[in-house]
Amino acid sequence: MKNLSVKQLVTGLSSFTPVFGLKSRYLKRSGGTGSARYCYAVWLRHLVVLFENGMTKIPDTIAELGPGDSIGIGIAALLSGCNHYNAFDVVEYTSRENNLRIFKVLVDLFEKQTSIPDDVQFPKMKPRLKSYAFPKHILTREALQRSLAPERLNCIKDSILEYGSHGPVSIKYRVPWFNCHNIRDDSVDLIYSQAVLEHVDNLQATYEAMYQWLNKDGFMSHQIDFKCHGTARKWNGHWAYNDLLWKLIRGKRPYLLNRQPFSRHLALLANVGFKVVSSTRVLGDSRNSGIRRKDLSRRFMNMFDEDLLTSSAHIVSVKR
Ligand SMILES: C[S@@+](CC[C@H](N)C(=O)[O-])C[C@H]1O[C@@H](n2cnc3c(N)ncnc32)[C@H](O)[C@@H]1O
């Protein structure tokens with residue numbers, strides 16, 4: 001099989017052995033949120049796109065799925081004026097030291113109203129924006145004076161240290177989050193994720209949970225990466241594997257990829273009760289580097305052409 005990633009198969013198989021080799025590597029690092037600039041860029045990109053699509057004020061209560069190596073994207077949201085941040089993950093990657101280090105850099109980036117890191121600094125990051133100027137129309141000088149006031153910064157710092165509540169600010173971090181009753185129904189104004197929904201095992205239950213948490217007219221903003229994440233040689237080669245081979249590649253890892261394509265997300269959003277207000281797809285290169293329709297495994301044989309070509313998407317939706 002020209003498409004098979006032998007390395008990933010070996011990793012999956014080794015996870016069945018008692019010497020759980022994954023513990024040292026796979027469970028240590030997840031993505032980009034170990035970098036403050038990454039967190040700053042991701043938050044501001046989501047925020048700009050949300051304001052282009054109907055959001056009119058900074059949300060008070062927010063929830064993030066899969067923050068990864070730090071809660072830095074949530075800290076950037078708190079520094080923008082959000083007050084209550086809920087983070088839900090399945091592996092505890094963050095550390096307080098890391099979060100505090102990122103907090104300090106983020107404060108500096110906001111105080112200087114630094115431009116949003118662009119495609120040169122983060123060539124793979126999405127969503128892409130028309131302008132990477134600091135969004136002064138959203139985060140005005142007055143708003144920043146309030147959100148970055150010294151007393152408020154102390155409250156954010158103390159909340160990071162204790163994952164608790166200080167003054168107007170609260171942070172909750174739940175790992176794992178299933179059956180978590182710490183979030184009231186209809187209490188969240190915004191839910192977002194960056195490179196997470198492609199990993200979530202029970203996608204329908206997750207969309208249903210998010211629907212319950214969200215206020216009526218609340219927003220969701222999800223950036224989803226449909227590529228194979230190194231599990232195959234071709235960017236969309238994970239759709240060529242039959243179920244048994246995929247099970248072996250996954251092994252006992254806490255998560256890998258759910259292999260659900262773009263249209264499945266749109267269908268679930270609609271079924272659960274969300275209205276999609278914007279969806280921006282990026283196409284992968286199918287002719288030169290991707291697999292063709294004839295290579296698809298039986299499970300994905302009837303996949304839409306659009307899905308086979310979609311390498312990532314950013315979807316903004318509203319609870320109706
Ligand atoms: C590729 S990392 C992305 C991390 C971070 N959002 C970033 O941009 O760097 C995927 C993250 O999704 C988390 N994840 C996987 N399955 C999940 C689930 N069912 N619910 C919440 N988070 C999940 C992983 O633990 C990991 O933190």
# chains A, B, ... in the order shown; residues from 1 in each chain; ligands from 1
call {"tool": "residues_around", "arguments": {"residues": "A:Ser80", "least_positions_apart": "3", "cutoff": "12 Å", "atoms": "only C-alpha atoms", "output": "number ranges by chain"}}
result
A: 40, 43-44, 47, 57-60, 62, 73-77, 83-85, 106-107, 109-111, 113, 135-136, 138-149, 152-153, 156
call {"tool": "write_last_selection", "arguments": {"atoms": "N, CA and C atoms", "output": "CSV table (one decimal), in the first residue's frame"}}
result
chain,number,residue,atom,x,y,z
A,40,TYR,N,-2.7,34.1,20.5
A,40,TYR,CA,-3.2,35.5,20.2
A,40,TYR,C,-3.8,35.5,18.8
A,43,TRP,N,-7.2,33.4,18.6
A,43,TRP,CA,-8.3,34.1,19.2
A,43,TRP,C,-8.8,35.3,18.3
A,44,LEU,N,-7.8,36.1,17.9
A,44,LEU,CA,-8.2,37.3,17.2
A,44,LEU,C,-8.8,36.9,15.8
A,47,LEU,N,-12.3,35.9,16.5
A,47,LEU,CA,-13.1,37.1,16.9
A,47,LEU,C,-13.4,38.0,15.7
A,57,LYS,N,-21.1,42.1,20.2
A,57,LYS,CA,-20.3,42.5,21.4
A,57,LYS,C,-19.5,41.4,21.9
A,58,ILE,N,-18.5,41.7,22.7
A,58,ILE,CA,-17.6,40.7,23.3
A,58,ILE,C,-18.4,39.8,24.1
A,59,PRO,N,-18.4,38.5,23.9
A,59,PRO,CA,-19.2,37.5,24.7
A,59,PRO,C,-18.7,37.5,26.2
A,60,ASP,N,-19.7,37.3,27.1
A,60,ASP,CA,-19.3,37.3,28.5
A,60,ASP,C,-18.8,35.9,28.9
A,62,ILE,N,-17.7,32.1,27.7
A,62,ILE,CA,-17.2,31.3,26.5
A,62,ILE,C,-16.8,29.9,26.9
A,73,ILE,N,-5.6,30.4,24.4
A,73,ILE,CA,-6.6,31.1,23.5
A,73,ILE,C,-7.7,31.7,24.4
A,74,GLY,N,-8.0,30.9,25.5
A,74,GLY,CA,-9.0,31.4,26.5
A,74,GLY,C,-8.5,32.6,27.2
A,75,ILE,N,-7.2,32.6,27.5
A,75,ILE,CA,-6.6,33.8,28.3
A,75,ILE,C,-6.7,35.0,27.3
A,76,ALA,N,-6.4,34.8,26.1
A,76,ALA,CA,-6.5,35.9,25.1
A,76,ALA,C,-8.0,36.5,25.1
A,77,ALA,N,-8.9,35.5,25.2
A,77,ALA,CA,-10.4,36.0,25.2
A,77,ALA,C,-10.6,36.8,26.5
A,83,ASN,N,-15.5,37.3,30.4
A,83,ASN,CA,-15.3,37.2,31.9
A,83,ASN,C,-15.2,35.7,32.4
A,84,HIS,N,-16.0,34.8,31.7
A,84,HIS,CA,-16.0,33.4,32.2
A,84,HIS,C,-15.6,32.5,31.1
A,85,TYR,N,-14.5,31.7,31.4
A,85,TYR,CA,-13.9,30.8,30.4
A,85,TYR,C,-14.0,29.4,30.9
A,106,LEU,N,0.9,37.5,26.4
A,106,LEU,CA,-0.3,38.0,25.8
A,106,LEU,C,-0.7,39.4,26.3
A,107,VAL,N,-0.5,39.7,27.6
A,107,VAL,CA,-0.8,41.0,28.1
A,107,VAL,C,0.0,42.0,27.3
A,109,LEU,N,1.2,41.7,24.2
A,109,LEU,CA,0.7,41.8,22.9
A,109,LEU,C,-0.5,42.7,22.8
A,110,PHE,N,-1.4,42.5,23.8
A,110,PHE,CA,-2.6,43.3,23.7
A,110,PHE,C,-2.3,44.8,24.1
A,111,GLU,N,-1.5,45.0,25.1
A,111,GLU,CA,-1.2,46.4,25.4
A,111,GLU,C,-0.6,47.1,24.3
A,113,GLN,N,-1.2,46.5,21.2
A,113,GLN,CA,-2.2,46.4,20.1
A,113,GLN,C,-1.4,45.8,18.9
A,135,PRO,N,-7.6,44.6,15.5
A,135,PRO,CA,-9.0,44.9,15.2
A,135,PRO,C,-9.5,46.0,16.2
A,136,LYS,N,-9.2,47.3,15.9
A,136,LYS,CA,-9.5,48.4,16.7
A,136,LYS,C,-11.0,48.6,16.7
A,138,ILE,N,-13.2,46.4,17.0
A,138,ILE,CA,-13.8,45.5,18.0
A,138,ILE,C,-13.3,45.8,19.4
A,139,LEU,N,-11.9,45.9,19.5
A,139,LEU,CA,-11.3,46.1,20.8
A,139,LEU,C,-10.8,47.6,20.8
A,140,THR,N,-11.7,48.5,21.1
A,140,THR,CA,-11.4,49.9,21.1
A,140,THR,C,-10.4,50.2,22.3
A,141,ARG,N,-9.9,51.4,22.2
A,141,ARG,CA,-9.0,51.9,23.3
A,141,ARG,C,-9.6,51.8,24.6
A,142,GLU,N,-10.9,52.3,24.7
A,142,GLU,CA,-11.7,52.3,26.0
A,142,GLU,C,-11.9,50.9,26.5
A,143,ALA,N,-12.3,50.0,25.5
A,143,ALA,CA,-12.6,48.6,25.9
A,143,ALA,C,-11.3,48.0,26.5
A,144,LEU,N,-10.2,48.2,25.8
A,144,LEU,CA,-8.9,47.6,26.3
A,144,LEU,C,-8.5,48.2,27.6
A,145,GLN,N,-8.8,49.5,27.8
A,145,GLN,CA,-8.5,50.1,29.2
A,145,GLN,C,-9.2,49.3,30.3
A,146,ARG,N,-10.4,49.0,30.0
A,146,ARG,CA,-11.2,48.2,31.0
A,146,ARG,C,-10.7,46.8,31.1
A,147,SER,N,-10.5,46.1,30.0
A,147,SER,CA,-10.2,44.7,30.1
A,147,SER,C,-8.8,44.4,30.6
A,148,LEU,N,-7.9,45.5,30.4
A,148,LEU,CA,-6.5,45.3,30.8
A,148,LEU,C,-6.2,46.1,32.1
A,149,ALA,N,-7.2,46.5,32.8
A,149,ALA,CA,-7.0,47.3,34.0
A,149,ALA,C,-6.2,46.4,35.0
A,152,ARG,N,-8.0,44.0,37.1
A,152,ARG,CA,-8.6,42.9,36.4
A,152,ARG,C,-7.5,41.9,35.9
A,153,LEU,N,-6.3,42.4,35.6
A,153,LEU,CA,-5.2,41.5,35.2
A,153,LEU,C,-4.9,40.6,36.4
A,156,ILE,N,-7.4,37.8,36.6
A,156,ILE,CA,-7.1,36.8,35.6
A,156,ILE,C,-6.0,35.9,36.0
call {"tool": "residues_near_ligand", "arguments": {"ligand": "ligand 1", "cutoff": "6 Å", "atoms": "only C-alpha atoms and all ligand atoms", "output": "ChimeraX atom specification"}}
result
/A:30-33,65-68,88-91,194-196,199-201,255
call {"tool": "residues_around", "arguments": {"residues": "stretch 204-214 of chain A", "least_positions_apart": "4", "cutoff": "8 Å", "atoms": "only C-alpha atoms", "output": "list in words"}}
result
Ile183, Arg184, Asp185, Asp186, Ser187, Val188, Asp189, Leu190, Ile191, Val200, Gly218, Phe219, Leu268, Leu269, Val272, Gly273, Phe274 and Lys319 of chain A
call {"tool": "closest_residue", "arguments": {"among": "A:Asn86, A:Ser263, A:Asn202, A:Ser115", "to": "A:Ile160", "atoms": "only C-alpha atoms"}}
result
A:Asn86
call {"tool": "atom_distance", "arguments": {"atom1": "atom CA of A:Leu248", "atom2": "atom CA of A:Thr17"}}
result
12.3 Å
call {"tool": "closest_residue", "arguments": {"among": "A:Ile71, A:Leu129, A:Leu79, A:Leu4", "to": "A:Glu92", "atoms": "only C-alpha atoms"}}
result
A:Ile71
call {"tool": "closest_residue", "arguments": {"among": "A:Val105, A:Leu245, A:Ile291, A:Ile171", "to": "A:Gly12", "atoms": "only C-alpha atoms"}}
result
A:Leu245
call {"tool": "select_by_dssp", "arguments": {"residues": "stretch 102-150 of chain A", "states": "alpha helix (DSSP H)", "output": "ChimeraX atom specification"}}
result
/A:102-111,141-147,150
call {"tool": "select_by_dssp", "arguments": {"residues": "stretch 184-243 of chain A", "states": "strand (DSSP E)", "output": "list of chain:residue names"}}
result
A:Val188, A:Asp189, A:Leu190, A:Ile191, A:Tyr192, A:Ser193, A:Gln194, A:Leu214, A:Asn215, A:Lys216, A:Asp217, A:Gly218, A:Phe219, A:Met220, A:Ser221, A:His222, A:Gln223, A:Ile224, A:Asp225
call {"tool": "closest_residue", "arguments": {"among": "A:Ala232, A:Ile102, A:Leu50, A:Ala41", "to": "A:Ser279", "atoms": "only C-alpha atoms"}}
result
A:Leu50
call {"tool": "residues_around", "arguments": {"residues": "A:Glu306", "least_positions_apart": "3", "cutoff": "9 Å", "atoms": "only C-alpha atoms", "output": "ChimeraX atom specification"}}
result
/A:262-263,283,303,309-310
call {"tool": "write_last_selection", "arguments": {"atoms": "N, CA and C atoms", "output": "PDB file, in the first residue's frame"}}
result
ATOM      1  N   PHE A 262     -16.416  17.103   5.839  1.00  0.00           N
ATOM      2  CA  PHE A 262     -17.052  18.418   5.971  1.00  0.00           C
ATOM      3  C   PHE A 262     -18.590  18.345   5.995  1.00  0.00           C
ATOM      4  N   SER A 263     -19.181  17.612   5.046  1.00  0.00           N
ATOM      5  CA  SER A 263     -20.653  17.613   4.934  1.00  0.00           C
ATOM      6  C   SER A 263     -21.312  17.001   6.172  1.00  0.00           C
ATOM      7  N   LEU A 283      -9.407  23.908  -0.146  1.00  0.00           N
ATOM      8  CA  LEU A 283      -9.299  22.663  -0.910  1.00  0.00           C
ATOM      9  C   LEU A 283      -7.886  22.108  -0.858  1.00  0.00           C
ATOM     10  N   MET A 303     -18.648   9.107  -0.661  1.00  0.00           N
ATOM     11  CA  MET A 303     -18.303  10.461  -0.236  1.00  0.00           C
ATOM     12  C   MET A 303     -18.530  11.472  -1.361  1.00  0.00           C
ATOM     13  N   LEU A 309     -12.261  16.640  -1.416  1.00  0.00           N
ATOM     14  CA  LEU A 309     -11.307  17.706  -1.727  1.00  0.00           C
ATOM     15  C   LEU A 309     -11.118  18.704  -0.591  1.00  0.00           C
ATOM     16  N   THR A 310     -11.979  18.637   0.436  1.00  0.00           N
ATOM     17  CA  THR A 310     -11.920  19.668   1.483  1.00  0.00           C
ATOM     18  C   THR A 310     -10.858  19.315   2.517  1.00  0.00           C
TER      19      THR A 310
END
call {"tool": "atom_distance", "arguments": {"atom1": "atom CA of A:Thr94", "atom2": "atom CA of A:Leu161"}}
result
11.8 Å
call {"tool": "closest_residue", "arguments": {"among": "A:Gly284, A:Gly81, A:Pro176, A:Gly164", "to": "A:Ser312", "atoms": "only C-alpha atoms"}}
result
A:Gly284
call {"tool": "decode", "arguments": {"residues": "stretch 27-147 of chain A", "atoms": "C-alpha atoms", "output": "mmCIF file, in the first residue's frame"}}
result
data_model
loop_
_atom_site.group_PDB
_atom_site.id
_atom_site.type_symbol
_atom_site.label_atom_id
_atom_site.label_comp_id
_atom_site.auth_asym_id
_atom_site.auth_seq_id
_atom_site.Cartn_x
_atom_site.Cartn_y
_atom_site.Cartn_z
ATOM 1 C CA LEU A 27 0.469 12.601 25.741
ATOM 2 C CA LYS A 28 3.036 15.361 26.164
ATOM 3 C CA ARG A 29 2.250 17.808 23.386
ATOM 4 C CA SER A 30 -0.797 18.383 21.253
ATOM 5 C CA GLY A 31 -0.585 21.410 18.991
ATOM 6 C CA GLY A 32 0.297 25.070 18.892
ATOM 7 C CA THR A 33 -1.051 26.603 22.105
ATOM 8 C CA GLY A 34 2.349 26.367 23.811
ATOM 9 C CA SER A 35 3.101 29.594 21.900
ATOM 10 C CA ALA A 36 1.523 32.855 23.094
ATOM 11 C CA ARG A 37 1.632 34.352 19.598
ATOM 12 C CA TYR A 38 -0.227 31.317 18.258
ATOM 13 C CA CYS A 39 -2.940 31.760 20.921
ATOM 14 C CA TYR A 40 -3.159 35.493 20.194
ATOM 15 C CA ALA A 41 -3.493 34.838 16.458
ATOM 16 C CA VAL A 42 -6.101 32.095 16.821
ATOM 17 C CA TRP A 43 -8.327 34.073 19.205
ATOM 18 C CA LEU A 44 -8.214 37.299 17.199
ATOM 19 C CA ARG A 45 -8.871 35.458 13.926
ATOM 20 C CA HIS A 46 -11.965 33.775 15.359
ATOM 21 C CA LEU A 47 -13.086 37.091 16.867
ATOM 22 C CA VAL A 48 -12.699 39.031 13.604
ATOM 23 C CA VAL A 49 -14.610 36.410 11.606
ATOM 24 C CA LEU A 50 -17.351 36.294 14.261
ATOM 25 C CA PHE A 51 -17.813 40.070 14.066
ATOM 26 C CA GLU A 52 -17.970 39.811 10.269
ATOM 27 C CA ASN A 53 -20.804 37.337 10.748
ATOM 28 C CA GLY A 54 -23.179 39.026 13.135
ATOM 29 C CA MET A 55 -21.516 39.100 16.549
ATOM 30 C CA THR A 56 -21.913 42.608 17.955
ATOM 31 C CA LYS A 57 -20.323 42.521 21.404
ATOM 32 C CA ILE A 58 -17.577 40.683 23.254
ATOM 33 C CA PRO A 59 -19.170 37.531 24.704
ATOM 34 C CA ASP A 60 -19.322 37.307 28.487
ATOM 35 C CA THR A 61 -19.184 33.506 28.905
ATOM 36 C CA ILE A 62 -17.222 31.320 26.527
ATOM 37 C CA ALA A 63 -16.294 27.648 26.185
ATOM 38 C CA GLU A 64 -13.428 26.055 24.285
ATOM 39 C CA LEU A 65 -13.140 22.461 23.187
ATOM 40 C CA GLY A 66 -9.643 20.968 23.187
ATOM 41 C CA PRO A 67 -7.378 23.840 24.304
ATOM 42 C CA GLY A 68 -4.325 21.539 24.153
ATOM 43 C CA ASP A 69 -0.930 22.577 25.494
ATOM 44 C CA SER A 70 -2.185 25.689 27.282
ATOM 45 C CA ILE A 71 -5.383 27.629 27.895
ATOM 46 C CA GLY A 72 -3.773 30.564 26.073
ATOM 47 C CA ILE A 73 -6.578 31.076 23.534
ATOM 48 C CA GLY A 74 -8.994 31.410 26.456
ATOM 49 C CA ILE A 75 -6.618 33.783 28.253
ATOM 50 C CA ALA A 76 -6.548 35.943 25.106
ATOM 51 C CA ALA A 77 -10.355 35.957 25.229
ATOM 52 C CA LEU A 78 -10.325 37.044 28.888
ATOM 53 C CA LEU A 79 -7.872 39.834 28.047
ATOM 54 C CA SER A 80 -10.333 40.965 25.358
ATOM 55 C CA GLY A 81 -13.102 41.388 27.928
ATOM 56 C CA CYS A 82 -14.746 37.961 28.223
ATOM 57 C CA ASN A 83 -15.321 37.154 31.901
ATOM 58 C CA HIS A 84 -16.008 33.429 32.191
ATOM 59 C CA TYR A 85 -13.944 30.816 30.386
ATOM 60 C CA ASN A 86 -14.690 27.064 30.320
ATOM 61 C CA ALA A 87 -12.171 24.671 28.794
ATOM 62 C CA PHE A 88 -12.928 21.038 27.955
ATOM 63 C CA ASP A 89 -10.300 18.530 26.940
ATOM 64 C CA VAL A 90 -9.682 14.784 27.052
ATOM 65 C CA VAL A 91 -5.954 14.924 27.904
ATOM 66 C CA GLU A 92 -4.508 17.275 30.502
ATOM 67 C CA TYR A 93 -1.726 18.929 28.510
ATOM 68 C CA THR A 94 -1.608 22.300 30.254
ATOM 69 C CA SER A 95 0.515 23.379 33.186
ATOM 70 C CA ARG A 96 0.095 26.429 35.360
ATOM 71 C CA GLU A 97 3.659 27.577 34.636
ATOM 72 C CA ASN A 98 3.003 27.411 30.920
ATOM 73 C CA ASN A 99 -0.309 29.255 31.272
ATOM 74 C CA LEU A 100 1.287 32.004 33.359
ATOM 75 C CA ARG A 101 4.166 32.429 30.927
ATOM 76 C CA ILE A 102 1.686 32.741 28.064
ATOM 77 C CA PHE A 103 -0.490 35.154 30.070
ATOM 78 C CA LYS A 104 2.466 37.544 30.497
ATOM 79 C CA VAL A 105 3.320 37.578 26.790
ATOM 80 C CA LEU A 106 -0.349 37.969 25.842
ATOM 81 C CA VAL A 107 -0.761 41.019 28.112
ATOM 82 C CA ASP A 108 2.164 42.635 26.303
ATOM 83 C CA LEU A 109 0.744 41.796 22.854
ATOM 84 C CA PHE A 110 -2.649 43.309 23.746
ATOM 85 C CA GLU A 111 -1.156 46.383 25.439
ATOM 86 C CA LYS A 112 0.854 47.104 22.297
ATOM 87 C CA GLN A 113 -2.170 46.356 20.091
ATOM 88 C CA THR A 114 0.116 44.095 18.055
ATOM 89 C CA SER A 115 -1.072 43.146 14.564
ATOM 90 C CA ILE A 116 -2.563 39.685 14.235
ATOM 91 C CA PRO A 117 0.205 37.226 13.242
ATOM 92 C CA ASP A 118 -0.328 36.615 9.540
ATOM 93 C CA ASP A 119 0.177 33.859 6.975
ATOM 94 C CA VAL A 120 3.911 34.542 6.813
ATOM 95 C CA GLN A 121 4.291 33.935 10.555
ATOM 96 C CA PHE A 122 1.811 31.031 10.635
ATOM 97 C CA PRO A 123 1.558 29.714 7.056
ATOM 98 C CA LYS A 124 -0.693 26.794 8.017
ATOM 99 C CA MET A 125 -3.027 28.687 10.348
ATOM 100 C CA LYS A 126 -6.657 29.183 9.446
ATOM 101 C CA PRO A 127 -9.028 30.934 9.259
ATOM 102 C CA ARG A 128 -7.285 33.438 7.038
ATOM 103 C CA LEU A 129 -8.252 37.102 7.224
ATOM 104 C CA LYS A 130 -8.499 39.946 4.729
ATOM 105 C CA SER A 131 -6.563 42.217 7.084
ATOM 106 C CA TYR A 132 -4.230 41.341 9.938
ATOM 107 C CA ALA A 133 -4.293 44.810 11.477
ATOM 108 C CA PHE A 134 -5.181 44.894 15.175
ATOM 109 C CA PRO A 135 -9.029 44.915 15.219
ATOM 110 C CA LYS A 136 -9.526 48.387 16.747
ATOM 111 C CA HIS A 137 -13.155 48.413 15.611
ATOM 112 C CA ILE A 138 -13.815 45.497 18.018
ATOM 113 C CA LEU A 139 -11.278 46.131 20.768
ATOM 114 C CA THR A 140 -11.409 49.898 21.131
ATOM 115 C CA ARG A 141 -8.955 51.854 23.282
ATOM 116 C CA GLU A 142 -11.663 52.294 25.965
ATOM 117 C CA ALA A 143 -12.582 48.596 25.920
ATOM 118 C CA LEU A 144 -8.916 47.622 26.301
ATOM 119 C CA GLN A 145 -8.475 50.082 29.158
ATOM 120 C CA ARG A 146 -11.232 48.234 30.988
ATOM 121 C CA SER A 147 -10.205 44.690 30.069
#
